[in-house]
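Only one structure is covered here, and it is reproduced in the block below.
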There are 2 protein chains.
Amino acid sequence: MKNINIKDLARELNLSVSTISKAFHDSYEISEDTKNRVLETARRLNYVPNPYASSLRGRRSKNIGIVIPEVADSFFSLAINGIESVAKEKGYHVLICLTHESFENERNILKEFQGGRVDGVIMSVSTETSESSHILDLMANGLPLVFFDRVCEEIETAKITTDDFESGYKATEHLIQQGCDKIGFLGISKCLSISNRRFEGYQKALDDHGILNDTKYIVHCTNETEQNDILLRELLQSSNRPNGIVAAVEKLTTPVYRTCAELGLNIPGDLKFVCFSNLETASILNPSLSTITQPAFEMGKMAAALLFKSLEKTGFSLTKESQVIPSSFIKRGSTE
Amino acid sequence: MKNINIKDLARELNLSVSTISKAFHDSYEISEDTKNRVLETARRLNYVPNPYASSLRGRRSKNIGIVIPEVADSFFSLAINGIESVAKEKGYHVLICLTHESFENERNILKEFQGGRVDGVIMSVSTETSESSHILDLMANGLPLVFFDRVCEEIETAKITTDDFESGYKATEHLIQQGCDKIGFLGISKCLSISNRRFEGYQKALDDHGILNDTKYIVHCTNETEQNDILLRELLQSSNRPNGIVAAVEKLTTPVYRTCAELGLNIPGDLKFVCFSNLETASILNPSLSTITQPAFEMGKMAAALLFKSLEKTGFSLTKESQVIPSSFIKRGSTE
DNA sequence: TTTATTTGCGAAACCGTTTTCGCAAATAAA
DNA sequence: TTTATTTGCGAAAACGGTTTCGCAAATAAA
């Protein structure tokens, strides 16, 4: 019933607590014989050390924080797997905190982290994050931080991103090559790095191909599904509606398909569609979806690897360690 | 740079640490005036209490553990949202631990939890879990546990499930009504409660409608994607292949669609297909997918609510608190 | 006025570890 | 044999909070 602790163990073995502790850490001070006795008794009594006591004394928690907007999202859940794979190897635990795209949540989470709950942070900012003092506070506290995917560009630390500009360019150029001349862009937030970089790629592709677009083709979606549906509907039933669309985030897939179905628009006949997405079902959609697929797992892994490097090597600076891992464009039925 | 602690605060205010602590907890012993001074200085110096120190003294961590097989899965990620929504309200944090369907991982995670890392556990067992001593150990340690979805039937504690039997029955009956007379069942593990209950519903429906099925129509999938593809292929290109399939888990969706495409089988023409799934994209697949959709968010919420009840009310027993929340069947194109 | 009670705070123990330091006994070197 | 050194362990002080208890001063009751 009651959890047994190191003192109980010491009593049981007629040893001091320090000896027990040292035996567990395989200290040279302790004889092999004693070590074995300790380990065996620990197993027998089902002793599990209290991690918080260790954290307290050792002044590190062996936890890293993951701050992301959502978990119900293919990109983020794969990234979690990447992060977790290296954390596990290092004997660390991950604390997954969800902002649900709220700035206030994000700020509160980072604030809490300053109490020593985690030794480092890997994050992807919320759509509402237009200001970064809460992040600077965290770093001023000595906590190493690595961004992945959605970064704060003004903050000097490692950022693991994908080639958003090039991908936006490639997606748009593909639509142009498939014959689209009125191409819409669905962004997610005006202050979000990825959305902006992808948008710039889109713009550049249009410019390079001499396509003059109406700004009405550019839609900034929100976090409200209903609101997005209205915006999409407006865009797609306007006179002179686009005949191609690039969407910057996965969660717009279903809304676009649905709205097209409701309006009787055929994909790819009336509208060609490319989406940034890690959906496993992309290939079996109706029609199958052309995607820019991000290296989610690798990005998570890389972010974690860097964070641990900075945790392990004192003096290691994250400022010059940013990495860009390319996404892959996969052509499918939605742009045939 | 350095984290400031309660001692620094005490020094700054010329008060004792106990006074500071009491001020934070709004103790009646402390005057309003002092409380305000403490709060204000804490804000100014950006003081954040160390949660591990509190945990240690208070003997509870204010963390609950979530043990699930995967996070890259619609059902589990939605369930996490449900759990998190109530944990947040209670001022608790969630520690999400992934077993990746490995029994050994599951056992290690539960073992670690016994050191006081969490105050209670919400879990869905791995496909490999055929034995439950590790769970009994956890409970013997005094940790309350609530199962959701994938339960261990032999363990006496609250289990939040959905109506697996009825859903399996309903899905199968639907296929029969749509004209199928050779109906396959794709399970995920022979020792998994949900898979078995859904299978029993399937069996009962066949019996009730006087359909005699070959056991070759029953396929137990594994955790190896390639292996599953082989099994599926065998099933679907056998002479006298099934003309209907019920799949017990979401992750079989893409393999089934792909294999059908490769073999030139038309859904729903050659094969009708129903899947237990929370995929948001079910409605825009080719063809759209008839699903049994589980109340994932609600199940998570309910599990968490029960766990907190047992954490808050001493003497509250979880043994008689199991709940069944019905799933909904949604007919779509794959069974037209 | 004397006694009882309340108010506001501080000292110190405690939570379960880790780590430093000290110290005997055993062994090796001189 | 005497003096270093090594080996194996224990006492006690941290880590950063919370909580119990005690104690003056202020206020209320007698």
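In the structure tokens, chains take the letters A, B, ... in the order shown, each chain's residues start at 1, and ligands count up from 1 in the order shown.
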
Using only C-alpha atoms (C1' of nucleotides) and a cut-off of 7 Å, which residues of chain A sit close to chain C? Please list them as a PyMOL selection string.
chain A and resi 50+53-54+57-58

Counting only C-alpha atoms (C1' of nucleotides), what is within 8 Å of Ile20 of chain B, bar same-chain residues fewer than 5 positions away, as an MDAnalysis selection string?
chainID B and resid 6 9:10 15 38

Chain B residues near chain A (7 Å cut-off, only C-alpha atoms) as a ChimeraX atom specification
/B:1-3,48-53,56,71-72,74,77-78,95-96,112,114-117,140-142,254,257,281,284-287

I need the residues from that last selection saved to file as a PDB file, in the first residue's frame (with C-alpha atoms), if you can.
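The result, written out as part.pdb:
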```pdb
ATOM      1  CA  MET B   1      19.183  34.473 -14.900  1.00  0.00           C
ATOM      2  CA  LYS B   2      18.905  32.480 -11.728  1.00  0.00           C
ATOM      3  CA  ASN B   3      15.540  31.325 -10.620  1.00  0.00           C
ATOM      4  CA  VAL B  48       7.353  30.907  -9.742  1.00  0.00           C
ATOM      5  CA  PRO B  49       7.183  28.217  -7.059  1.00  0.00           C
ATOM      6  CA  ASN B  50       9.015  24.976  -7.699  1.00  0.00           C
ATOM      7  CA  PRO B  51       6.340  22.334  -8.195  1.00  0.00           C
ATOM      8  CA  TYR B  52       8.634  19.501  -7.182  1.00  0.00           C
ATOM      9  CA  ALA B  53       9.362  20.980  -3.804  1.00  0.00           C
ATOM     10  CA  LEU B  56       7.634  16.458  -2.086  1.00  0.00           C
ATOM     11  CA  VAL B  71      -0.744   9.771 -30.087  1.00  0.00           C
ATOM     12  CA  ALA B  72      -0.888   9.801 -33.882  1.00  0.00           C
ATOM     13  CA  SER B  74      -7.647  10.432 -33.992  1.00  0.00           C
ATOM     14  CA  SER B  77      -5.683  12.553 -29.533  1.00  0.00           C
ATOM     15  CA  LEU B  78      -9.310  13.520 -29.066  1.00  0.00           C
ATOM     16  CA  LEU B  95       1.888  13.310 -18.283  1.00  0.00           C
ATOM     17  CA  ILE B  96       1.284  11.590 -21.590  1.00  0.00           C
ATOM     18  CA  GLU B 112       7.938   4.523 -12.847  1.00  0.00           C
ATOM     19  CA  GLN B 114       4.956   4.129  -8.507  1.00  0.00           C
ATOM     20  CA  GLY B 115       7.685   6.494  -7.447  1.00  0.00           C
ATOM     21  CA  GLY B 116       5.163   9.239  -6.892  1.00  0.00           C
ATOM     22  CA  ARG B 117       5.399  10.867 -10.285  1.00  0.00           C
ATOM     23  CA  ALA B 140      -1.564  -2.008  -4.823  1.00  0.00           C
ATOM     24  CA  ASN B 141       0.614   1.052  -4.431  1.00  0.00           C
ATOM     25  CA  GLY B 142      -2.503   3.059  -3.779  1.00  0.00           C
ATOM     26  CA  THR B 254      -5.794   3.276 -45.476  1.00  0.00           C
ATOM     27  CA  TYR B 257      -8.467   1.248 -49.413  1.00  0.00           C
ATOM     28  CA  THR B 281     -11.603  12.842 -43.306  1.00  0.00           C
ATOM     29  CA  ILE B 284     -14.228  12.991 -47.991  1.00  0.00           C
ATOM     30  CA  LEU B 285     -12.597   9.659 -48.742  1.00  0.00           C
ATOM     31  CA  ASN B 286     -13.051   7.899 -52.051  1.00  0.00           C
ATOM     32  CA  PRO B 287     -15.599   6.610 -51.444  1.00  0.00           C
TER      33      PRO B 287
END
```

Within 8 Å of chain D: each chain A residue with its shortest pair, only C-alpha atoms (C1' of nucleotides), as a Markdown table:
```
| residue | atom | partner | partner_atom | distance |
| --- | --- | --- | --- | --- |
| A:Ser16 | CA | D:DG10 | C1' | 6.0 |
| A:Ser18 | CA | D:DG10 | C1' | 7.3 |
| A:Thr19 | CA | D:DC9 | C1' | 6.7 |
| A:Glu29 | CA | D:DG8 | C1' | 6.2 |
| A:Ile30 | CA | D:DG8 | C1' | 6.0 |
| A:Ser31 | CA | D:DG8 | C1' | 6.7 |
| A:Leu56 | CA | D:DC15 | C1' | 4.9 |
| A:Arg57 | CA | D:DC15 | C1' | 4.1 |
| A:Gly58 | CA | D:DC15 | C1' | 7.2 |
| A:Arg59 | CA | D:DC15 | C1' | 7.0 |
```

Report as a JSON list (two decimals) with C-alpha atoms, in the first residue's frame all protein, DNA and RNA residues lying within 10 Å of Glu101 of chain A, evaluated on only C-alpha atoms (C1' of nucleotides), omitting residues in the same chain fewer than 5 positions from it.
```
[["chain", "number", "residue", "atom", "x", "y", "z"],
["A", 68, "ILE", "CA", 2.22, 22.94, -29.21],
["A", 69, "PRO", "CA", -1.15, 24.23, -30.32],
["A", 70, "GLU", "CA", -2.87, 20.90, -30.76],
["A", 106, "GLU", "CA", 0.88, 29.74, -24.08],
["A", 125, "VAL", "CA", 3.87, 28.97, -31.25],
["A", 126, "SER", "CA", 0.15, 29.53, -31.34],
["A", 127, "THR", "CA", -1.62, 31.43, -34.11],
["A", 128, "GLU", "CA", -2.29, 34.22, -31.67],
["A", 129, "THR", "CA", 1.33, 34.77, -30.75],
["A", 223, "ASN", "CA", -9.56, 29.18, -35.31]]
```

Could you find all residues in segment 112-327 of chain A that DSSP calls strand (DSSP E or B) from the backbone, and write them as a VMD selection string?
chain A and resid 120 to 123 145 to 148 159 to 162 183 to 187 218 to 220 244 to 247 272 to 276 285 290 to 293 323 to 325

Serialized selection, N, CA and C atoms, as an mmCIF file, in the first residue's frame:
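Here's the written file result.cif:
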```
data_model
loop_
_atom_site.group_PDB
_atom_site.id
_atom_site.type_symbol
_atom_site.label_atom_id
_atom_site.label_comp_id
_atom_site.auth_asym_id
_atom_site.auth_seq_id
_atom_site.Cartn_x
_atom_site.Cartn_y
_atom_site.Cartn_z
ATOM 1 N N GLY A 120 14.194 22.177 -20.294
ATOM 2 C CA GLY A 120 14.302 22.795 -21.600
ATOM 3 C C GLY A 120 12.970 22.694 -22.313
ATOM 4 N N VAL A 121 12.814 23.460 -23.364
ATOM 5 C CA VAL A 121 11.508 23.551 -24.021
ATOM 6 C C VAL A 121 11.639 23.445 -25.538
ATOM 7 N N ILE A 122 10.709 22.703 -26.117
ATOM 8 C CA ILE A 122 10.593 22.637 -27.570
ATOM 9 C C ILE A 122 9.216 23.169 -27.913
ATOM 10 N N MET A 123 9.141 24.177 -28.757
ATOM 11 C CA MET A 123 7.815 24.731 -28.985
ATOM 12 C C MET A 123 7.527 25.166 -30.403
ATOM 13 N N LEU A 145 15.724 26.758 -25.292
ATOM 14 C CA LEU A 145 14.487 26.629 -26.061
ATOM 15 C C LEU A 145 14.815 26.368 -27.521
ATOM 16 N N VAL A 146 14.094 25.442 -28.113
ATOM 17 C CA VAL A 146 14.233 25.195 -29.551
ATOM 18 C C VAL A 146 12.845 25.304 -30.174
ATOM 19 N N PHE A 147 12.759 26.083 -31.219
ATOM 20 C CA PHE A 147 11.495 26.163 -31.959
ATOM 21 C C PHE A 147 11.456 25.091 -33.024
ATOM 22 N N PHE A 148 10.267 24.650 -33.336
ATOM 23 C CA PHE A 148 10.143 23.847 -34.553
ATOM 24 C C PHE A 148 8.866 24.252 -35.267
ATOM 25 N N LYS A 159 16.093 27.049 -34.576
ATOM 26 C CA LYS A 159 14.768 26.895 -35.176
ATOM 27 C C LYS A 159 14.827 25.771 -36.192
ATOM 28 N N ILE A 160 14.000 24.774 -35.968
ATOM 29 C CA ILE A 160 13.941 23.675 -36.928
ATOM 30 C C ILE A 160 12.718 23.887 -37.795
ATOM 31 N N THR A 161 12.955 24.205 -39.026
ATOM 32 C CA THR A 161 11.827 24.490 -39.918
ATOM 33 C C THR A 161 11.937 23.642 -41.167
ATOM 34 N N THR A 162 10.936 23.763 -41.978
ATOM 35 C CA THR A 162 11.025 23.127 -43.283
ATOM 36 C C THR A 162 11.102 24.249 -44.316
ATOM 37 N N ILE A 183 -5.275 31.850 -58.573
ATOM 38 C CA ILE A 183 -4.886 30.930 -57.507
ATOM 39 C C ILE A 183 -5.085 31.545 -56.121
ATOM 40 N N GLY A 184 -5.854 30.854 -55.315
ATOM 41 C CA GLY A 184 -6.128 31.337 -53.971
ATOM 42 C C GLY A 184 -5.108 30.817 -52.968
ATOM 43 N N PHE A 185 -4.936 31.567 -51.902
ATOM 44 C CA PHE A 185 -4.055 31.117 -50.822
ATOM 45 C C PHE A 185 -4.827 31.150 -49.513
ATOM 46 N N LEU A 186 -4.833 30.043 -48.819
ATOM 47 C CA LEU A 186 -5.496 29.989 -47.519
ATOM 48 C C LEU A 186 -4.449 29.945 -46.421
ATOM 49 N N GLY A 187 -4.311 31.055 -45.725
ATOM 50 C CA GLY A 187 -3.351 31.106 -44.624
ATOM 51 C C GLY A 187 -4.056 30.827 -43.317
ATOM 52 N N ILE A 218 -6.742 35.887 -51.378
ATOM 53 C CA ILE A 218 -5.949 35.578 -50.190
ATOM 54 C C ILE A 218 -6.847 35.597 -48.958
ATOM 55 N N VAL A 219 -6.970 34.464 -48.328
ATOM 56 C CA VAL A 219 -7.885 34.360 -47.191
ATOM 57 C C VAL A 219 -7.114 33.942 -45.941
ATOM 58 N N HIS A 220 -7.293 34.711 -44.904
ATOM 59 C CA HIS A 220 -6.682 34.323 -43.640
ATOM 60 C C HIS A 220 -7.721 33.644 -42.768
ATOM 61 N N GLY A 244 -7.601 27.482 -58.611
ATOM 62 C CA GLY A 244 -6.566 26.723 -57.907
ATOM 63 C C GLY A 244 -6.442 27.267 -56.498
ATOM 64 N N ILE A 245 -6.079 26.397 -55.563
ATOM 65 C CA ILE A 245 -5.925 26.844 -54.176
ATOM 66 C C ILE A 245 -4.714 26.174 -53.529
ATOM 67 N N VAL A 246 -3.958 26.975 -52.819
ATOM 68 C CA VAL A 246 -2.904 26.443 -51.959
ATOM 69 C C VAL A 246 -3.341 26.695 -50.514
ATOM 70 N N ALA A 247 -3.403 25.647 -49.700
ATOM 71 C CA ALA A 247 -3.763 25.841 -48.293
ATOM 72 C C ALA A 247 -2.540 25.571 -47.429
ATOM 73 N N LYS A 272 -8.322 23.202 -58.648
ATOM 74 C CA LYS A 272 -7.221 22.311 -58.263
ATOM 75 C C LYS A 272 -6.749 22.730 -56.874
ATOM 76 N N PHE A 273 -6.290 21.757 -56.115
ATOM 77 C CA PHE A 273 -6.067 22.003 -54.693
ATOM 78 C C PHE A 273 -4.787 21.321 -54.202
ATOM 79 N N VAL A 274 -3.916 22.107 -53.602
ATOM 80 C CA VAL A 274 -2.722 21.550 -52.942
ATOM 81 C C VAL A 274 -2.765 21.964 -51.486
ATOM 82 N N CYS A 275 -2.405 21.055 -50.607
ATOM 83 C CA CYS A 275 -2.451 21.387 -49.187
ATOM 84 C C CYS A 275 -1.170 20.950 -48.487
ATOM 85 N N PHE A 276 -0.698 21.767 -47.583
ATOM 86 C CA PHE A 276 0.385 21.365 -46.677
ATOM 87 C C PHE A 276 -0.227 20.382 -45.697
ATOM 88 N N LEU A 285 -8.240 10.046 -50.501
ATOM 89 C CA LEU A 285 -9.336 11.016 -50.529
ATOM 90 C C LEU A 285 -9.982 11.011 -51.910
ATOM 91 N N SER A 290 -3.097 16.233 -53.528
ATOM 92 C CA SER A 290 -1.697 16.619 -53.730
ATOM 93 C C SER A 290 -1.227 17.362 -52.491
ATOM 94 N N THR A 291 -0.108 16.941 -51.960
ATOM 95 C CA THR A 291 0.318 17.546 -50.697
ATOM 96 C C THR A 291 1.769 18.014 -50.713
ATOM 97 N N ILE A 292 2.012 18.959 -49.855
ATOM 98 C CA ILE A 292 3.365 19.250 -49.428
ATOM 99 C C ILE A 292 3.464 18.568 -48.076
ATOM 100 N N THR A 293 4.276 17.544 -47.987
ATOM 101 C CA THR A 293 4.344 16.780 -46.746
ATOM 102 C C THR A 293 5.606 17.143 -45.979
ATOM 103 N N GLN A 323 18.108 24.707 -38.428
ATOM 104 C CA GLN A 323 18.169 23.744 -39.520
ATOM 105 C C GLN A 323 16.900 23.830 -40.350
ATOM 106 N N VAL A 324 17.046 23.602 -41.617
ATOM 107 C CA VAL A 324 15.879 23.531 -42.494
ATOM 108 C C VAL A 324 15.830 22.141 -43.112
ATOM 109 N N ILE A 325 14.760 21.444 -42.868
ATOM 110 C CA ILE A 325 14.624 20.103 -43.440
ATOM 111 C C ILE A 325 13.561 20.178 -44.535
#
```

Provide the atom CA of Asn278 of chain A to atom CA of His174 of chain A distance in Å, to one decimal place.
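About the pair atom CA of Asn278 of chain A and atom CA of His174 of chain A: they are 18.8 Å apart.
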
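Within the 10 Å cut-off around Ala87 of chain A, using only C-alpha atoms (C1' of nucleotides) and omitting residues fewer than 5 positions from it on the same chain, the listed residues are A:Lys62, A:Asn63, A:Ile64, A:Asn81, A:Gly82, A:Tyr92, A:His93, A:Val94, A:Lys301, A:Ala304, A:Ala305, A:Leu307, A:Phe308.
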
How about saving the chosen residues, C-alpha atoms kept, as a compact mmCIF listing (two decimals), in the first residue's frame?
```txt
# COMPACT_ATOMS: atom_id res chain seq x y z
CA LYS A 62 14.82 15.34 -16.30
CA ASN A 63 11.72 16.63 -18.05
CA ILE A 64 11.47 18.60 -21.22
CA ASN A 81 6.90 10.87 -31.68
CA GLY A 82 10.15 12.27 -33.00
CA TYR A 92 14.03 12.13 -20.05
CA HIS A 93 10.30 12.53 -19.89
CA VAL A 94 8.23 14.84 -22.01
CA LYS A 301 13.86 14.48 -33.59
CA ALA A 304 15.12 17.33 -29.46
CA ALA A 305 18.66 16.40 -30.45
CA LEU A 307 17.96 20.70 -27.10
CA PHE A 308 19.81 17.83 -25.48
```
